[in-house]
file coords-v2.pdb (PDB, C-alpha atoms, pLDDT in the B column)
ATOM      1  CA  MET A 175      76.311 118.124 113.404  1.00 66.00           C
ATOM      2  CA  LEU A 176      78.159 121.420 113.723  1.00 70.00           C
ATOM      3  CA  THR A 177      80.936 119.723 115.678  1.00 75.00           C
ATOM      4  CA  SER A 178      81.315 117.120 112.923  1.00 72.00           C
ATOM      5  CA  LEU A 179      81.618 119.843 110.290  1.00 71.00           C
ATOM      6  CA  ARG A 180      84.216 121.696 112.350  1.00 75.00           C
ATOM      7  CA  THR A 181      86.197 118.491 112.808  1.00 74.00           C
ATOM      8  CA  LEU A 182      86.036 117.804 109.070  1.00 71.00           C
ATOM      9  CA  GLU A 183      87.092 121.388 108.302  1.00 73.00           C
ATOM     10  CA  SER A 184      90.021 121.167 110.679  1.00 76.00           C
ATOM     11  CA  ARG A 185      91.123 117.660 109.590  1.00 83.00           C
ATOM     12  CA  PHE A 186      90.124 117.479 105.911  1.00 83.00           C
ATOM     13  CA  GLU A 187      93.615 117.803 104.467  1.00 86.00           C
ATOM     14  CA  GLU A 188      95.174 115.472 107.034  1.00 87.00           C
ATOM     15  CA  ILE A 189      92.654 112.731 106.271  1.00 88.00           C
ATOM     16  CA  PHE A 190      93.230 112.846 102.528  1.00 87.00           C
ATOM     17  CA  CYS A 191      97.005 113.361 102.781  1.00 89.00           C
ATOM     18  CA  VAL A 192      97.319 110.302 104.983  1.00 91.00           C
ATOM     19  CA  THR A 193      95.003 108.369 102.674  1.00 91.00           C
ATOM     20  CA  GLY A 194      97.057 109.351  99.617  1.00 90.00           C
ATOM     21  CA  LEU A 195     100.331 108.410 101.278  1.00 93.00           C
ATOM     22  CA  LEU A 196      98.856 105.167 102.594  1.00 94.00           C
ATOM     23  CA  VAL A 197      97.587 104.205  99.143  1.00 93.00           C
ATOM     24  CA  MET A 198     100.941 105.049  97.573  1.00 93.00           C
ATOM     25  CA  ALA A 199     103.005 103.146 100.145  1.00 94.00           C
ATOM     26  CA  THR A 200     100.700 100.128 100.154  1.00 94.00           C
ATOM     27  CA  VAL A 201     100.603  99.818  96.379  1.00 94.00           C
ATOM     28  CA  ILE A 202     104.377 100.148  96.081  1.00 94.00           C
ATOM     29  CA  PHE A 203     104.901  97.592  98.869  1.00 95.00           C
ATOM     30  CA  VAL A 204     102.504  95.120  97.263  1.00 94.00           C
ATOM     31  CA  GLN A 205     104.193  95.687  93.902  1.00 93.00           C
ATOM     32  CA  VAL A 206     107.617  94.893  95.387  1.00 93.00           C
ATOM     33  CA  VAL A 207     106.299  91.772  97.126  1.00 93.00           C
ATOM     34  CA  LEU A 208     104.627  90.588  93.913  1.00 92.00           C
ATOM     35  CA  ARG A 209     107.792  91.124  91.873  1.00 91.00           C
ATOM     36  CA  VAL A 210     110.243  89.595  94.346  1.00 92.00           C
ATOM     37  CA  PHE A 211     108.284  86.627  95.655  1.00 92.00           C
ATOM     38  CA  PHE A 212     105.822  85.821  92.886  1.00 90.00           C
ATOM     39  CA  GLU A 213     107.665  87.125  89.799  1.00 87.00           C
ATOM     40  CA  THR A 214     104.582  88.948  88.614  1.00 87.00           C
ATOM     41  CA  ALA A 215     103.308  92.515  88.811  1.00 85.00           C
ATOM     42  CA  PHE A 216     100.144  94.539  89.040  1.00 86.00           C
ATOM     43  CA  HIS A 217     100.055  96.582  85.844  1.00 85.00           C
ATOM     44  CA  GLY A 218      98.265  99.602  87.343  1.00 87.00           C
ATOM     45  CA  ALA A 219     100.405 100.033  90.459  1.00 90.00           C
ATOM     46  CA  GLU A 220     102.462 102.932  89.128  1.00 90.00           C
ATOM     47  CA  GLU A 221      99.394 104.938  88.155  1.00 91.00           C
ATOM     48  CA  ILE A 222      97.705 104.368  91.508  1.00 92.00           C
ATOM     49  CA  ALA A 223     100.894 105.348  93.353  1.00 93.00           C
ATOM     50  CA  VAL A 224     101.171 108.543  91.293  1.00 92.00           C
ATOM     51  CA  TYR A 225      97.546 109.468  92.048  1.00 92.00           C
ATOM     52  CA  GLY A 226      98.170 108.927  95.759  1.00 92.00           C
ATOM     53  CA  MET A 227     101.333 111.020  95.675  1.00 93.00           C
ATOM     54  CA  VAL A 228      99.727 113.886  93.747  1.00 93.00           C
ATOM     55  CA  THR A 229      96.797 113.913  96.158  1.00 92.00           C
ATOM     56  CA  ALA A 230      99.115 114.003  99.167  1.00 93.00           C
ATOM     57  CA  ILE A 231     101.281 116.763  97.680  1.00 93.00           C
ATOM     58  CA  TYR A 232      98.512 119.136  96.627  1.00 93.00           C
ATOM     59  CA  LEU A 233      96.436 118.673  99.769  1.00 91.00           C
ATOM     60  CA  GLY A 234      99.647 118.957 101.807  1.00 91.00           C
ATOM     61  CA  CYS A 235     100.145 122.394 100.264  1.00 91.00           C
ATOM     62  CA  SER A 236      96.647 123.353 101.371  1.00 90.00           C
ATOM     63  CA  LEU A 237      97.411 122.045 104.861  1.00 89.00           C
ATOM     64  CA  ALA A 238     100.610 124.093 104.972  1.00 88.00           C
ATOM     65  CA  ILE A 239      98.661 127.211 104.001  1.00 87.00           C
ATOM     66  CA  ARG A 240      96.134 126.594 106.764  1.00 85.00           C
ATOM     67  CA  GLU A 241      98.852 126.037 109.345  1.00 84.00           C
ATOM     68  CA  ARG A 242     101.109 128.797 107.928  1.00 81.00           C
ATOM     69  CA  ALA A 243     103.846 126.170 107.750  1.00 80.00           C
ATOM     70  CA  HIS A 244     105.335 126.804 104.325  1.00 77.00           C
ATOM     71  CA  ILE A 245     109.065 127.325 104.200  1.00 76.00           C
ATOM     72  CA  ARG A 246     109.900 131.013 104.338  1.00 74.00           C
ATOM     73  CA  ILE A 247     113.206 132.759 104.436  1.00 75.00           C
ATOM     74  CA  THR A 248     112.585 135.402 107.071  1.00 72.00           C
ATOM     75  CA  PHE A 249     116.120 136.432 107.988  1.00 77.00           C
ATOM     76  CA  LEU A 250     115.866 139.852 106.297  1.00 80.00           C
ATOM     77  CA  VAL A 251     112.167 140.259 107.033  1.00 80.00           C
ATOM     78  CA  GLU A 252     112.833 139.881 110.761  1.00 81.00           C
ATOM     79  CA  LYS A 253     115.199 142.876 110.604  1.00 87.00           C
ATOM     80  CA  LEU A 254     112.372 145.152 109.441  1.00 87.00           C
ATOM     81  CA  PRO A 255     109.965 146.987 111.737  1.00 90.00           C
ATOM     82  CA  HIS A 256     106.628 145.249 112.361  1.00 84.00           C
ATOM     83  CA  ARG A 257     104.783 147.099 109.576  1.00 88.00           C
ATOM     84  CA  GLY A 258     107.549 146.197 107.129  1.00 89.00           C
ATOM     85  CA  GLN A 259     107.323 142.557 108.181  1.00 86.00           C
ATOM     86  CA  VAL A 260     103.566 142.544 107.638  1.00 85.00           C
ATOM     87  CA  PHE A 261     104.023 144.213 104.251  1.00 90.00           C
ATOM     88  CA  CYS A 262     106.604 141.639 103.113  1.00 88.00           C
ATOM     89  CA  VAL A 263     104.521 138.669 104.249  1.00 87.00           C
ATOM     90  CA  VAL A 264     101.342 140.018 102.640  1.00 89.00           C
ATOM     91  CA  LEU A 265     103.216 140.836  99.411  1.00 92.00           C
ATOM     92  CA  ALA A 266     104.706 137.337  99.277  1.00 89.00           C
ATOM     93  CA  ASP A 267     101.270 135.813  99.901  1.00 90.00           C
ATOM     94  CA  MET A 268      99.697 137.918  97.155  1.00 93.00           C
ATOM     95  CA  LEU A 269     102.405 136.889  94.680  1.00 94.00           C
ATOM     96  CA  TRP A 270     101.873 133.291  95.718  1.00 92.00           C
ATOM     97  CA  MET A 271      98.104 133.734  95.284  1.00 95.00           C
ATOM     98  CA  ALA A 272      98.678 135.091  91.773  1.00 97.00           C
ATOM     99  CA  PHE A 273     100.729 131.998  90.977  1.00 96.00           C
ATOM    100  CA  ILE A 274      98.015 129.709  92.374  1.00 96.00           C
ATOM    101  CA  LEU A 275      95.412 131.527  90.249  1.00 97.00           C
ATOM    102  CA  LEU A 276      97.587 131.051  87.158  1.00 98.00           C
ATOM    103  CA  LEU A 277      97.944 127.339  87.954  1.00 96.00           C
ATOM    104  CA  LEU A 278      94.185 127.120  88.484  1.00 97.00           C
ATOM    105  CA  LYS A 279      93.461 128.741  85.141  1.00 97.00           C
ATOM    106  CA  GLU A 280      95.807 126.373  83.316  1.00 97.00           C
ATOM    107  CA  SER A 281      94.592 123.281  85.180  1.00 96.00           C
ATOM    108  CA  VAL A 282      90.965 124.112  84.373  1.00 96.00           C
ATOM    109  CA  THR A 283      91.954 124.477  80.709  1.00 96.00           C
ATOM    110  CA  TRP A 284      93.646 121.065  80.917  1.00 94.00           C
ATOM    111  CA  ILE A 285      90.592 119.439  82.517  1.00 94.00           C
ATOM    112  CA  GLN A 286      88.362 120.988  79.827  1.00 94.00           C
ATOM    113  CA  LEU A 287      90.562 119.357  77.184  1.00 94.00           C
ATOM    114  CA  LEU A 288      90.333 116.037  79.012  1.00 91.00           C
ATOM    115  CA  ILE A 289      86.545 116.372  79.061  1.00 91.00           C
ATOM    116  CA  GLN A 290      86.400 117.307  75.395  1.00 92.00           C
ATOM    117  CA  PHE A 291      88.790 114.576  74.235  1.00 89.00           C
ATOM    118  CA  ASP A 292      88.616 111.438  76.331  1.00 85.00           C
ATOM    119  CA  TYR A 293      92.047 110.330  77.482  1.00 87.00           C
ATOM    120  CA  ILE A 294      92.005 106.844  78.939  1.00 89.00           C
ATOM    121  CA  SER A 295      94.956 105.767  81.084  1.00 87.00           C
ATOM    122  CA  PRO A 296      96.854 102.870  79.541  1.00 85.00           C
ATOM    123  CA  ALA A 297      97.196 100.681  82.644  1.00 84.00           C
ATOM    124  CA  LEU A 298      93.958 101.170  84.559  1.00 87.00           C
ATOM    125  CA  GLY A 299      91.688 102.128  81.655  1.00 88.00           C
ATOM    126  CA  ILE A 300      90.071 105.049  83.500  1.00 90.00           C
ATOM    127  CA  ASN A 301      89.275 108.455  82.063  1.00 90.00           C
ATOM    128  CA  GLN A 302      91.974 110.909  83.155  1.00 90.00           C
ATOM    129  CA  LYS A 303      89.528 113.743  83.810  1.00 91.00           C
ATOM    130  CA  PHE A 304      88.619 112.115  87.123  1.00 91.00           C
ATOM    131  CA  PRO A 305      91.983 111.583  88.842  1.00 91.00           C
ATOM    132  CA  GLN A 306      93.488 114.745  87.387  1.00 91.00           C
ATOM    133  CA  SER A 307      90.617 116.848  88.721  1.00 93.00           C
ATOM    134  CA  ILE A 308      92.380 116.753  92.094  1.00 93.00           C
ATOM    135  CA  VAL A 309      94.708 119.516  90.877  1.00 94.00           C
ATOM    136  CA  PRO A 310      92.112 122.287  90.297  1.00 96.00           C
ATOM    137  CA  LEU A 311      90.116 121.135  93.331  1.00 94.00           C
ATOM    138  CA  ALA A 312      93.189 121.331  95.558  1.00 94.00           C
ATOM    139  CA  LEU A 313      94.123 124.731  94.109  1.00 96.00           C
ATOM    140  CA  CYS A 314      90.625 125.998  94.953  1.00 95.00           C
ATOM    141  CA  LEU A 315      91.074 124.618  98.459  1.00 93.00           C
ATOM    142  CA  MET A 316      94.414 126.464  98.712  1.00 94.00           C
ATOM    143  CA  ILE A 317      92.679 129.720  97.746  1.00 95.00           C
ATOM    144  CA  ALA A 318      89.955 129.086 100.328  1.00 93.00           C
ATOM    145  CA  ARG A 319      92.527 128.316 103.025  1.00 91.00           C
ATOM    146  CA  MET A 320      94.461 131.491 102.208  1.00 91.00           C
ATOM    147  CA  ALA A 321      91.226 133.499 102.490  1.00 91.00           C
ATOM    148  CA  GLN A 322      90.514 131.748 105.781  1.00 88.00           C
ATOM    149  CA  VAL A 323      93.958 132.641 107.148  1.00 86.00           C
ATOM    150  CA  TYR A 324      93.523 136.309 106.237  1.00 87.00           C
ATOM    151  CA  TYR A 325      89.965 136.363 107.576  1.00 86.00           C
ATOM    152  CA  ARG A 326      91.214 135.054 110.906  1.00 83.00           C
ATOM    153  CA  TRP A 327      94.065 137.546 110.909  1.00 82.00           C
ATOM    154  CA  ILE A 328      92.072 140.646 109.900  1.00 82.00           C
ATOM    155  CA  VAL A 329      88.667 140.031 111.485  1.00 81.00           C
ATOM    156  CA  ARG A 330      89.376 137.889 114.515  1.00 70.00           C
ATOM    157  CA  ASP A 331      92.800 138.520 115.937  1.00 68.00           C
ATOM    158  CA  GLN A 332      95.764 140.454 114.597  1.00 61.00           C
ATOM    159  CA  ALA A 333      98.171 138.155 116.459  1.00 59.00           C
ATOM    160  CA  GLU A 334      96.894 134.948 114.830  1.00 59.00           C
ATOM    161  CA  GLY A 335      97.596 134.012 111.245  1.00 60.00           C
ATOM    162  CA  LEU A 336     100.683 135.666 109.852  1.00 65.00           C
ATOM    163  CA  PRO A 337     104.103 134.183 110.656  1.00 60.00           C
ATOM    164  CA  LEU A 338     105.766 137.236 112.170  1.00 59.00           C
TER     165      LEU A 338
END

call {"tool": "encode", "arguments": {"input": "coords-v2.pdb", "output": "structure tokens"}}
result
Amino acid sequence: MLTSLRTLESRFEEIFCVTGLLVMATVIFVQVVLRVFFETAFHGAEEIAVYGMVTAIYLGCSLAIRERAHIRITFLVEKLPHRGQVFCVVLADMLWMAFILLLLKESVTWIQLLIQFDYISPALGINQKFPQSIVPLALCLMIARMAQVYYRWIVRDQAEGLPL
């Protein structure tokens, strides 16, 4: 059981990113085939493709946080002594965390509005509070992954975690 949870924790983002991309690519492919060969279309394809793309993007950000794989310009940071490098990376992460918290606050406000006033999607006829909830959930996952990275760096091993 513990091994299954560790596998899920280490592969969660990959599973859902691949699923989102697979859904998006499949729906777009089917839409093209329907239009070209059958001169018809599936009216909800665009919405489904957008939901798949948004899921892949936001969970991909969480994956990049976990793997410390976000794009960073480190040319000047690398010229600093080690303590200066650590300071710059931590400062950048804290600014990024502040931005994520701002996005989380605004996305929760948006979801509250969607709960208060039902907004039904025109093509699929589903309530938008469900698919759009991926944004605050993914932002919470990003915060958790950032905490996990710093926990591993501070508590476990100073060499692991920060891209220096």

call {"tool": "resolve_selection", "arguments": {"input": "coords-v2.pdb", "expression": "the PyMOL selection byres ((chain A and resi 262) around 12)", "output": "list in words"}}
result
Arg246, Ile247, Thr248, Phe249, Leu250, Val251, Glu252, Lys253, Leu254, Pro255, His256, Arg257, Gly258, Gln259, Val260, Phe261, Val263, Val264, Leu265, Ala266, Asp267, Met268, Leu269, Leu336, Pro337 and Leu338 of chain A

call {"tool": "atom_distance", "arguments": {"input": "coords-v2.pdb", "atom1": "CA of Val228 (chain A)", "atom2": "CA of Leu311 (chain A)"}}
result
12.0 Å

call {"tool": "closest_residue", "arguments": {"input": "coords-v2.pdb", "among": "A:Ile274, A:Ile202, A:Val210, A:Leu288", "to": "Ile239 (chain A)", "atoms": "only C-alpha atoms"}}
result
A:Ile274

call {"tool": "atom_distance", "arguments": {"input": "coords-v2.pdb", "atom1": "CA of Thr193 (chain A)", "atom2": "CA of Ile294 (chain A)"}}
result
24.0 Å

call {"tool": "resolve_selection", "arguments": {"input": "coords-v2.pdb", "expression": "the PyMOL selection byres ((chain A and resi 238) around 12)", "output": "VMD selection string"}}
result
chain A and resid 187 to 188 191 230 to 237 239 to 246 315 to 316 319 to 320 323

call {"tool": "closest_residue", "arguments": {"input": "coords-v2.pdb", "among": "A:Leu298, A:Pro310, A:Ala219, A:Phe304", "to": "Glu280 (chain A)", "atoms": "all atoms listed in the file"}}
result
A:Pro310

call {"tool": "closest_residue", "arguments": {"input": "coords-v2.pdb", "among": "A:Ile222, A:Val204, A:Met271, A:Leu276", "to": "Gln306 (chain A)", "atoms": "only C-alpha atoms"}}
result
A:Ile222

call {"tool": "atom_distance", "arguments": {"input": "coords-v2.pdb", "atom1": "CA of Ala223 (chain A)", "atom2": "CA of Val201 (chain A)"}}
result
6.3 Å
